[in-house]
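Okay, protein_13.cif is below, mmCIF, C-alpha atoms, pLDDT in the B column; chains and numbers go by the auth columns:
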```cif
data_final
#
loop_
_atom_site.group_PDB
_atom_site.id
_atom_site.type_symbol
_atom_site.label_atom_id
_atom_site.label_comp_id
_atom_site.label_asym_id
_atom_site.label_seq_id
_atom_site.Cartn_x
_atom_site.Cartn_y
_atom_site.Cartn_z
_atom_site.B_iso_or_equiv
_atom_site.auth_seq_id
_atom_site.auth_asym_id
ATOM 1 C CA MET A 1 27.792 -138.409 50.367 63.00 1 L
ATOM 2 C CA ASN A 2 25.670 -141.462 51.272 77.00 2 L
ATOM 3 C CA GLU A 3 25.693 -144.703 49.287 74.00 3 L
ATOM 4 C CA MET A 4 22.473 -143.929 47.367 84.00 4 L
ATOM 5 C CA LYS A 5 23.791 -140.557 46.214 90.00 5 L
ATOM 6 C CA LYS A 6 27.099 -142.155 45.222 90.00 6 L
ATOM 7 C CA LYS A 7 25.280 -144.781 43.172 93.00 7 L
ATOM 8 C CA THR A 8 23.151 -142.122 41.460 94.00 8 L
ATOM 9 C CA SER A 9 26.225 -140.017 40.736 95.00 9 L
ATOM 10 C CA VAL A 10 28.132 -142.975 39.252 96.00 10 L
ATOM 11 C CA TYR A 11 25.086 -144.050 37.226 96.00 11 L
ATOM 12 C CA GLN A 12 24.629 -140.586 35.730 95.00 12 L
ATOM 13 C CA LEU A 13 28.330 -140.211 34.932 96.00 13 L
ATOM 14 C CA LEU A 14 28.661 -143.609 33.242 96.00 14 L
ATOM 15 C CA LYS A 15 25.421 -143.195 31.307 95.00 15 L
ATOM 16 C CA LYS A 16 26.565 -139.807 30.014 92.00 16 L
ATOM 17 C CA GLU A 17 29.931 -141.239 28.949 94.00 17 L
ATOM 18 C CA ILE A 18 28.223 -144.101 27.095 94.00 18 L
ATOM 19 C CA VAL A 19 25.585 -141.906 25.452 91.00 19 L
ATOM 20 C CA LEU A 20 28.195 -139.397 24.249 86.00 20 L
ATOM 21 C CA GLY A 21 30.392 -142.182 22.872 86.00 21 L
ATOM 22 C CA ARG A 22 33.245 -141.638 25.311 91.00 22 L
ATOM 23 C CA ARG A 23 32.951 -145.304 26.249 93.00 23 L
ATOM 24 C CA LYS A 24 32.860 -147.331 23.058 90.00 24 L
ATOM 25 C CA PRO A 25 30.762 -150.413 22.209 90.00 25 L
ATOM 26 C CA GLY A 26 32.603 -153.586 23.203 90.00 26 L
ATOM 27 C CA GLU A 27 34.894 -151.752 25.634 93.00 27 L
ATOM 28 C CA VAL A 28 35.519 -153.683 28.858 94.00 28 L
ATOM 29 C CA PHE A 29 34.540 -151.831 32.015 96.00 29 L
ATOM 30 C CA GLY A 30 36.376 -152.589 35.252 94.00 30 L
ATOM 31 C CA GLU A 31 34.319 -151.918 38.356 94.00 31 L
ATOM 32 C CA LYS A 32 37.316 -152.196 40.710 94.00 32 L
ATOM 33 C CA GLU A 33 39.491 -149.839 38.666 95.00 33 L
ATOM 34 C CA PHE A 34 36.684 -147.297 38.273 94.00 34 L
ATOM 35 C CA ALA A 35 35.926 -147.372 42.007 94.00 35 L
ATOM 36 C CA GLN A 36 39.595 -146.742 42.774 95.00 36 L
ATOM 37 C CA GLN A 37 39.684 -143.908 40.279 94.00 37 L
ATOM 38 C CA MET A 38 36.607 -142.308 41.872 93.00 38 L
ATOM 39 C CA LYS A 39 37.918 -143.045 45.385 92.00 39 L
ATOM 40 C CA ILE A 40 34.714 -144.773 46.443 94.00 40 L
ATOM 41 C CA SER A 41 33.761 -148.314 47.415 93.00 41 L
ATOM 42 C CA ARG A 42 32.869 -150.835 44.736 94.00 42 L
ATOM 43 C CA THR A 43 29.252 -151.213 45.923 94.00 43 L
ATOM 44 C CA PRO A 44 27.736 -148.062 44.335 95.00 44 L
ATOM 45 C CA VAL A 45 29.678 -148.773 41.135 96.00 45 L
ATOM 46 C CA HIS A 46 28.296 -152.311 40.954 95.00 46 L
ATOM 47 C CA GLU A 47 24.753 -151.069 41.622 96.00 47 L
ATOM 48 C CA ALA A 48 25.089 -148.475 38.845 96.00 48 L
ATOM 49 C CA VAL A 49 26.385 -151.144 36.460 96.00 49 L
ATOM 50 C CA MET A 50 23.429 -153.394 37.262 96.00 50 L
ATOM 51 C CA GLN A 51 20.984 -150.572 36.480 96.00 51 L
ATOM 52 C CA LEU A 52 22.769 -149.692 33.243 96.00 52 L
ATOM 53 C CA SER A 53 22.762 -153.349 32.197 96.00 53 L
ATOM 54 C CA GLN A 54 18.998 -153.489 32.794 94.00 54 L
ATOM 55 C CA GLU A 55 18.607 -150.431 30.555 93.00 55 L
ATOM 56 C CA GLY A 56 20.711 -151.999 27.811 91.00 56 L
ATOM 57 C CA TYR A 57 23.770 -149.741 28.025 94.00 57 L
ATOM 58 C CA MET A 58 26.061 -152.436 29.460 96.00 58 L
ATOM 59 C CA ARG A 59 26.246 -156.210 29.249 95.00 59 L
ATOM 60 C CA ILE A 60 27.568 -158.581 31.903 92.00 60 L
ATOM 61 C CA MET A 61 29.251 -161.414 29.999 89.00 61 L
ATOM 62 C CA PRO A 62 30.775 -164.686 31.233 84.00 62 L
ATOM 63 C CA GLN A 63 34.578 -164.786 30.970 81.00 63 L
ATOM 64 C CA ARG A 64 34.737 -161.150 29.840 80.00 64 L
ATOM 65 C CA GLY A 65 33.081 -159.243 32.674 89.00 65 L
ATOM 66 C CA THR A 66 31.157 -156.055 31.983 95.00 66 L
ATOM 67 C CA VAL A 67 31.292 -154.516 28.511 95.00 67 L
ATOM 68 C CA ILE A 68 29.668 -151.504 26.890 95.00 68 L
ATOM 69 C CA SER A 69 26.757 -152.728 24.766 92.00 69 L
ATOM 70 C CA ASN A 70 26.819 -152.669 21.000 89.00 70 L
ATOM 71 C CA ILE A 71 23.979 -151.083 19.067 86.00 71 L
ATOM 72 C CA SER A 72 22.287 -153.389 16.582 85.00 72 L
ATOM 73 C CA LEU A 73 20.313 -152.415 13.500 87.00 73 L
ATOM 74 C CA ASP A 74 17.311 -154.086 15.093 89.00 74 L
ATOM 75 C CA GLU A 75 17.624 -151.811 18.122 89.00 75 L
ATOM 76 C CA ILE A 76 17.794 -148.740 15.882 91.00 76 L
ATOM 77 C CA TYR A 77 14.651 -149.836 14.049 93.00 77 L
ATOM 78 C CA LYS A 78 12.828 -150.540 17.318 95.00 78 L
ATOM 79 C CA LEU A 79 13.903 -147.209 18.809 96.00 79 L
ATOM 80 C CA TYR A 80 12.564 -145.250 15.870 97.00 80 L
ATOM 81 C CA GLU A 81 9.465 -147.423 15.712 98.00 81 L
ATOM 82 C CA ALA A 82 8.755 -146.418 19.318 98.00 82 L
ATOM 83 C CA ARG A 83 9.391 -142.767 18.545 98.00 83 L
ATOM 84 C CA MET A 84 7.108 -142.917 15.481 98.00 84 L
ATOM 85 C CA ILE A 85 4.314 -144.372 17.606 98.00 85 L
ATOM 86 C CA LEU A 86 4.723 -141.841 20.412 98.00 86 L
ATOM 87 C CA GLU A 87 5.898 -138.492 19.073 98.00 87 L
ATOM 88 C CA PRO A 88 3.451 -137.768 16.204 98.00 88 L
ATOM 89 C CA SER A 89 0.591 -138.287 18.681 98.00 89 L
ATOM 90 C CA LEU A 90 2.421 -136.290 21.317 97.00 90 L
ATOM 91 C CA VAL A 91 2.969 -133.269 19.065 98.00 91 L
ATOM 92 C CA ARG A 92 -0.665 -133.430 17.996 98.00 92 L
ATOM 93 C CA ILE A 93 -1.656 -133.003 21.647 98.00 93 L
ATOM 94 C CA ALA A 94 0.951 -130.253 22.076 98.00 94 L
ATOM 95 C CA ALA A 95 -0.516 -128.321 19.134 98.00 95 L
ATOM 96 C CA GLU A 96 -4.007 -128.600 20.583 97.00 96 L
ATOM 97 C CA LYS A 97 -3.050 -127.721 24.165 96.00 97 L
ATOM 98 C CA ILE A 98 -0.210 -125.212 23.862 97.00 98 L
ATOM 99 C CA ASP A 99 -0.745 -122.185 26.087 96.00 99 L
ATOM 100 C CA GLU A 100 0.629 -118.665 25.747 96.00 100 L
ATOM 101 C CA GLU A 101 3.642 -119.301 27.993 96.00 101 L
ATOM 102 C CA HIS A 102 4.709 -122.330 25.969 97.00 102 L
ATOM 103 C CA ARG A 103 3.941 -120.516 22.724 97.00 103 L
ATOM 104 C CA GLN A 104 6.453 -117.831 23.697 97.00 104 L
ATOM 105 C CA GLU A 105 9.026 -120.542 24.396 98.00 105 L
ATOM 106 C CA LEU A 106 8.206 -122.066 21.021 98.00 106 L
ATOM 107 C CA MET A 107 9.006 -118.748 19.339 97.00 107 L
ATOM 108 C CA GLN A 108 12.410 -118.756 21.036 97.00 108 L
ATOM 109 C CA TRP A 109 13.053 -122.262 19.712 97.00 109 L
ATOM 110 C CA LYS A 110 12.158 -120.977 16.242 96.00 110 L
ATOM 111 C CA LYS A 111 14.739 -118.189 16.561 95.00 111 L
ATOM 112 C CA ASP A 112 17.377 -120.618 17.836 92.00 112 L
ATOM 113 C CA PHE A 113 16.964 -123.037 14.928 90.00 113 L
ATOM 114 C CA LYS A 114 17.024 -120.206 12.400 89.00 114 L
ATOM 115 C CA LYS A 115 20.192 -118.890 14.019 85.00 115 L
ATOM 116 C CA ILE A 116 21.868 -122.286 13.572 80.00 116 L
ATOM 117 C CA ILE A 117 20.823 -122.391 9.928 74.00 117 L
ATOM 118 C CA SER A 118 22.435 -119.034 9.193 74.00 118 L
ATOM 119 C CA ALA A 119 25.557 -119.687 11.296 68.00 119 L
ATOM 120 C CA LYS A 120 26.365 -123.289 10.403 59.00 120 L
ATOM 121 C CA ALA A 121 25.041 -124.203 6.980 53.00 121 L
ATOM 122 C CA GLU A 122 27.648 -122.284 4.977 55.00 122 L
ATOM 123 C CA LYS A 123 30.487 -124.049 6.797 56.00 123 L
ATOM 124 C CA TRP A 124 29.341 -127.512 5.796 52.00 124 L
ATOM 125 C CA GLN A 125 30.832 -128.146 2.383 47.00 125 L
ATOM 126 C CA ASN A 126 31.164 -131.930 2.767 47.00 126 L
ATOM 127 C CA ASP A 127 30.262 -134.716 5.152 45.00 127 L
ATOM 128 C CA LEU A 128 32.582 -134.240 8.110 45.00 128 L
ATOM 129 C CA LYS A 129 33.217 -134.850 11.745 51.00 129 L
ATOM 130 C CA VAL A 130 30.715 -132.706 13.572 50.00 130 L
ATOM 131 C CA GLU A 131 32.132 -129.670 15.315 53.00 131 L
ATOM 132 C CA GLY A 132 30.040 -128.947 18.375 53.00 132 L
ATOM 133 C CA ALA A 133 27.761 -131.900 17.577 58.00 133 L
ATOM 134 C CA GLU A 134 27.123 -132.666 21.227 65.00 134 L
ATOM 135 C CA ASP A 135 25.676 -129.190 21.700 70.00 135 L
ATOM 136 C CA PHE A 136 23.334 -129.565 18.740 74.00 136 L
ATOM 137 C CA TYR A 137 22.232 -133.039 19.799 79.00 137 L
ATOM 138 C CA ASP A 138 21.576 -131.736 23.299 83.00 138 L
ATOM 139 C CA MET A 139 19.526 -128.877 21.865 88.00 139 L
ATOM 140 C CA ASP A 140 17.519 -131.288 19.717 90.00 140 L
ATOM 141 C CA ALA A 141 16.784 -133.537 22.696 92.00 141 L
ATOM 142 C CA LYS A 142 15.655 -130.560 24.764 95.00 142 L
ATOM 143 C CA PHE A 143 13.360 -129.426 21.944 97.00 143 L
ATOM 144 C CA HIS A 144 11.620 -132.798 21.779 97.00 144 L
ATOM 145 C CA LEU A 145 11.296 -132.763 25.575 97.00 145 L
ATOM 146 C CA PHE A 146 9.835 -129.259 25.354 98.00 146 L
ATOM 147 C CA LEU A 147 7.130 -130.548 23.015 98.00 147 L
ATOM 148 C CA ALA A 148 6.322 -133.267 25.551 98.00 148 L
ATOM 149 C CA THR A 149 6.077 -130.584 28.253 97.00 149 L
ATOM 150 C CA CYS A 150 3.505 -128.737 26.129 97.00 150 L
ATOM 151 C CA THR A 151 1.133 -131.701 26.519 97.00 151 L
ATOM 152 C CA GLY A 152 1.007 -131.270 30.299 95.00 152 L
ATOM 153 C CA ASN A 153 1.589 -135.022 30.726 96.00 153 L
ATOM 154 C CA GLU A 154 4.629 -135.807 32.903 95.00 154 L
ATOM 155 C CA ILE A 155 4.566 -139.496 31.955 96.00 155 L
ATOM 156 C CA LEU A 156 5.118 -138.561 28.310 96.00 156 L
ATOM 157 C CA ASN A 157 8.093 -136.455 29.431 95.00 157 L
ATOM 158 C CA GLU A 158 9.687 -139.522 31.011 95.00 158 L
ATOM 159 C CA TYR A 159 9.221 -141.687 27.914 96.00 159 L
ATOM 160 C CA VAL A 160 10.587 -139.026 25.569 97.00 160 L
ATOM 161 C CA ASP A 161 13.594 -138.483 27.849 94.00 161 L
ATOM 162 C CA GLN A 162 14.465 -142.197 27.728 93.00 162 L
ATOM 163 C CA LEU A 163 14.048 -142.366 23.950 96.00 163 L
ATOM 164 C CA MET A 164 16.126 -139.241 23.338 94.00 164 L
ATOM 165 C CA MET A 165 19.005 -140.598 25.441 92.00 165 L
ATOM 166 C CA LYS A 166 19.148 -143.707 23.273 92.00 166 L
ATOM 167 C CA THR A 167 18.843 -141.601 20.113 92.00 167 L
ATOM 168 C CA GLN A 168 21.688 -139.385 21.229 89.00 168 L
ATOM 169 C CA ARG A 169 23.945 -142.405 21.629 89.00 169 L
ATOM 170 C CA ILE A 170 23.304 -143.423 18.017 87.00 170 L
ATOM 171 C CA ARG A 171 24.085 -139.908 16.837 82.00 171 L
ATOM 172 C CA CYS A 172 27.329 -139.661 18.759 80.00 172 L
ATOM 173 C CA LEU A 173 28.461 -143.070 17.522 77.00 173 L
ATOM 174 C CA SER A 174 27.866 -142.029 13.908 70.00 174 L
ATOM 175 C CA ASN A 175 30.493 -139.296 14.472 61.00 175 L
ATOM 176 C CA THR A 176 29.779 -137.671 11.092 58.00 176 L
ATOM 177 C CA GLU A 177 26.840 -135.775 9.682 59.00 177 L
ATOM 178 C CA SER A 178 25.581 -135.472 6.130 62.00 178 L
ATOM 179 C CA LYS A 179 25.428 -131.819 5.118 67.00 179 L
ATOM 180 C CA ASP A 180 22.126 -132.388 3.303 71.00 180 L
ATOM 181 C CA ARG A 181 20.653 -134.331 6.229 75.00 181 L
ATOM 182 C CA TYR A 182 21.786 -131.686 8.697 75.00 182 L
ATOM 183 C CA GLN A 183 20.130 -128.881 6.740 79.00 183 L
ATOM 184 C CA ALA A 184 16.996 -130.948 6.136 86.00 184 L
ATOM 185 C CA SER A 185 16.722 -131.734 9.849 88.00 185 L
ATOM 186 C CA LEU A 186 16.816 -128.057 10.739 88.00 186 L
ATOM 187 C CA LYS A 187 14.037 -127.321 8.256 93.00 187 L
ATOM 188 C CA GLU A 188 12.006 -130.247 9.586 96.00 188 L
ATOM 189 C CA HIS A 189 12.205 -128.766 13.078 96.00 189 L
ATOM 190 C CA LEU A 190 10.954 -125.439 11.743 97.00 190 L
ATOM 191 C CA ASP A 191 8.053 -127.218 9.995 98.00 191 L
ATOM 192 C CA ILE A 192 7.075 -128.811 13.303 98.00 192 L
ATOM 193 C CA ILE A 193 7.351 -125.495 15.136 98.00 193 L
ATOM 194 C CA GLU A 194 5.251 -123.601 12.591 98.00 194 L
ATOM 195 C CA ALA A 195 2.498 -126.240 12.677 98.00 195 L
ATOM 196 C CA VAL A 196 2.358 -126.196 16.487 98.00 196 L
ATOM 197 C CA GLU A 197 2.410 -122.384 16.449 97.00 197 L
ATOM 198 C CA LYS A 198 -0.664 -122.406 14.195 97.00 198 L
ATOM 199 C CA LYS A 199 -2.307 -125.086 16.369 97.00 199 L
ATOM 200 C CA ASP A 200 -2.525 -127.300 13.277 98.00 200 L
ATOM 201 C CA ALA A 201 -2.452 -130.671 15.016 98.00 201 L
ATOM 202 C CA GLU A 202 -2.663 -132.750 11.838 98.00 202 L
ATOM 203 C CA LYS A 203 0.175 -130.921 10.100 99.00 203 L
ATOM 204 C CA ALA A 204 2.316 -131.047 13.249 98.00 204 L
ATOM 205 C CA SER A 205 1.844 -134.808 13.467 99.00 205 L
ATOM 206 C CA GLU A 206 2.706 -135.273 9.780 99.00 206 L
ATOM 207 C CA ALA A 207 5.805 -133.062 10.095 98.00 207 L
ATOM 208 C CA MET A 208 7.037 -135.070 13.076 98.00 208 L
ATOM 209 C CA MET A 209 6.568 -138.363 11.243 98.00 209 L
ATOM 210 C CA VAL A 210 8.534 -137.071 8.237 98.00 210 L
ATOM 211 C CA HIS A 211 11.325 -135.903 10.547 97.00 211 L
ATOM 212 C CA LEU A 212 11.571 -139.244 12.366 97.00 212 L
ATOM 213 C CA LYS A 213 11.540 -141.337 9.180 97.00 213 L
ATOM 214 C CA ASN A 214 14.271 -139.212 7.625 94.00 214 L
ATOM 215 C CA SER A 215 16.304 -139.294 10.830 92.00 215 L
ATOM 216 C CA GLU A 216 16.132 -143.092 11.028 92.00 216 L
ATOM 217 C CA GLU A 217 17.213 -143.484 7.410 90.00 217 L
ATOM 218 C CA GLY A 218 20.040 -140.975 7.774 86.00 218 L
ATOM 219 C CA TYR A 219 21.656 -142.378 10.886 83.00 219 L
ATOM 220 C CA THR A 220 21.230 -145.993 9.806 85.00 220 L
ATOM 221 C CA ALA A 221 23.045 -145.207 6.557 82.00 221 L
ATOM 222 C CA LEU A 222 25.882 -143.426 8.370 74.00 222 L
ATOM 223 C CA LEU A 223 26.368 -146.223 10.875 74.00 223 L
ATOM 224 C CA MET A 224 26.288 -148.865 8.143 76.00 224 L
ATOM 225 C CA LYS A 225 29.391 -147.225 6.681 72.00 225 L
ATOM 226 C CA ASP A 226 31.320 -148.299 9.780 62.00 226 L
ATOM 227 C CA ALA A 227 30.295 -151.820 10.789 56.00 227 L
ATOM 228 C CA SER A 228 32.556 -151.669 13.868 54.00 228 L
ATOM 229 C CA LYS A 229 30.051 -149.359 15.576 54.00 229 L
ATOM 230 C CA ILE A 230 27.043 -151.648 15.310 54.00 230 L
ATOM 231 C CA SER A 231 26.117 -155.298 15.133 54.00 231 L
ATOM 232 C CA VAL A 232 23.647 -156.666 12.621 41.00 232 L
ATOM 233 C CA PHE A 233 21.885 -158.821 15.220 37.00 233 L
#
```

I need this file expressed as structure tokens, please.
Amino acid sequence: MNEMKKKTSVYQLLKKEIVLGRRKPGEVFGEKEFAQQMKISRTPVHEAVMQLSQEGYMRIMPQRGTVISNISLDEIYKLYEARMILEPSLVRIAAEKIDEEHRQELMQWKKDFKKIISAKAEKWQNDLKVEGAEDFYDMDAKFHLFLATCTGNEILNEYVDQLMMKTQRIRCLSNTESKDRYQASLKEHLDIIEAVEKKDAEKASEAMMVHLKNSEEGYTALLMKDASKISVF
């Protein structure tokens, strides 16, 4: 494996570990130790760290070295602000442009979300640590990316992918899910799907905005319960 492939591999691995909460905010990251563990030179590790620091996942700090970045309330607000600017417009375009092939995929998404509702909802009696949360979050991210694909605009795909990665990190850090919010989120996805299915661009846009506002409020409230997971600045 050449140096560029090693760097890409390390970058993807570390980003996944950070996004899924396996590397915690404030945790010190040792380049030398990680390189030894992976049995590679330090160069691709350092290059991956530099890229991740540019993207806000790591911070290089004097006297401390490299640490996993905290998530601030301001970052959460800015993330959802960006999503609220982009995704309601995006889903409007998707509703207007969706073709038969994507419509068939949309119907499969509808079945999948309904299946989750029937299989999971009865098990959630209280707020709890999410069983299989990573799978659901991955599914949700793929659904939002699917909607971007329906627009036929690859640049929108790239933006949504970046935003969903950052959203997934917030979700995994929250570590718990409100039963009511979980059920509401599933219904919100179905509302979006049904509007796109009917090619009702205005309703699809409104449904997406409702979903994003509720999502922001829900995860902010959960994270505020554990101040160790976020910073207020």

May I have a table of the residues of range 34-124 of chain L lying at most 12 Å from range 209-227 of chain L, giving each one's closest pair of atoms and their distance in Å to one decimal, counting all atoms listed in the file, ordered by chain and ascending residue number, as CSV?
```
residue,atom,partner,partner_atom,distance
L:Asn70,CA,L:Ala227,CA,10.8
L:Ile71,CA,L:Leu223,CA,9.8
L:Ser72,CA,L:Ala227,CA,10.0
L:Leu73,CA,L:Thr220,CA,7.5
L:Asp74,CA,L:Thr220,CA,10.4
L:Glu75,CA,L:Thr220,CA,10.8
L:Ile76,CA,L:Thr220,CA,7.5
L:Tyr77,CA,L:Glu216,CA,7.5
L:Lys78,CA,L:Glu216,CA,10.3
L:Leu79,CA,L:Glu216,CA,9.1
L:Tyr80,CA,L:Glu216,CA,6.4
L:Glu81,CA,L:Leu212,CA,9.1
L:Ala82,CA,L:Leu212,CA,10.4
L:Arg83,CA,L:Leu212,CA,7.4
L:Met84,CA,L:Met209,CA,6.2
L:Ile85,CA,L:Met209,CA,9.0
L:Leu86,CA,L:Met209,CA,10.0
L:Glu87,CA,L:Met209,CA,7.9
L:Pro88,CA,L:Met209,CA,5.9
L:Ser89,CA,L:Met209,CA,9.5
L:Leu90,CA,L:Met209,CA,11.1
L:Val91,CA,L:Met209,CA,10.0
L:Arg92,CA,L:Met209,CA,11.1
```

Straight-line distance linking CA of Met4 in chain L with CA of Thr149 in chain L, stated in Å to one decimal: 28.5 Å

Near-range 163-170 of chain L list (6 Å; all atoms listed in the file; drop same-chain fewer than 5 positions) as an NGL selection string: :L and (19-20 or 141)

Shell of 10 Å around Phe29 in chain L, all atoms listed in the file, local chain residues under 3 positions omitted, as a list in words: Arg23, Gly26, Lys32, Glu33, Phe34, Val49, Met58, Arg59, Ile60, Arg64, Gly65, Thr66, Val67 and Ile68 of chain L

CA of Lys5 in chain L to CA of Gly56 in chain L, distance in Å rounded to a single decimal: 21.9 Å

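Using all atoms listed in the file for every distance, the candidate list L:Leu13, L:Val160, L:Ala94, L:Ile18 yields L:Leu13 as the residue closest to Ala48 in chain L.
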
d(CA of Leu186 in chain L, CA of Ile117 in chain L) in Å: 7.0 Å

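Candidate residues L:Val45, L:Ile155, L:Ala204, L:Tyr137 were compared for distance to Gln12 in chain L, and the nearest is L:Val45, using all atoms listed in the file.
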
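Closest approach to Arg42 in chain L among L:Val28, L:Val10, L:Ile193, L:Met208 is made by L:Val10 (distances from only C-alpha atoms).
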
Residue members of the PyMOL selection byres ((chain L and resi 146) around 10) in the file shown, as a ChimeraX atom specification: /L:94,102,105-106,109,140-145,147-151,157,160
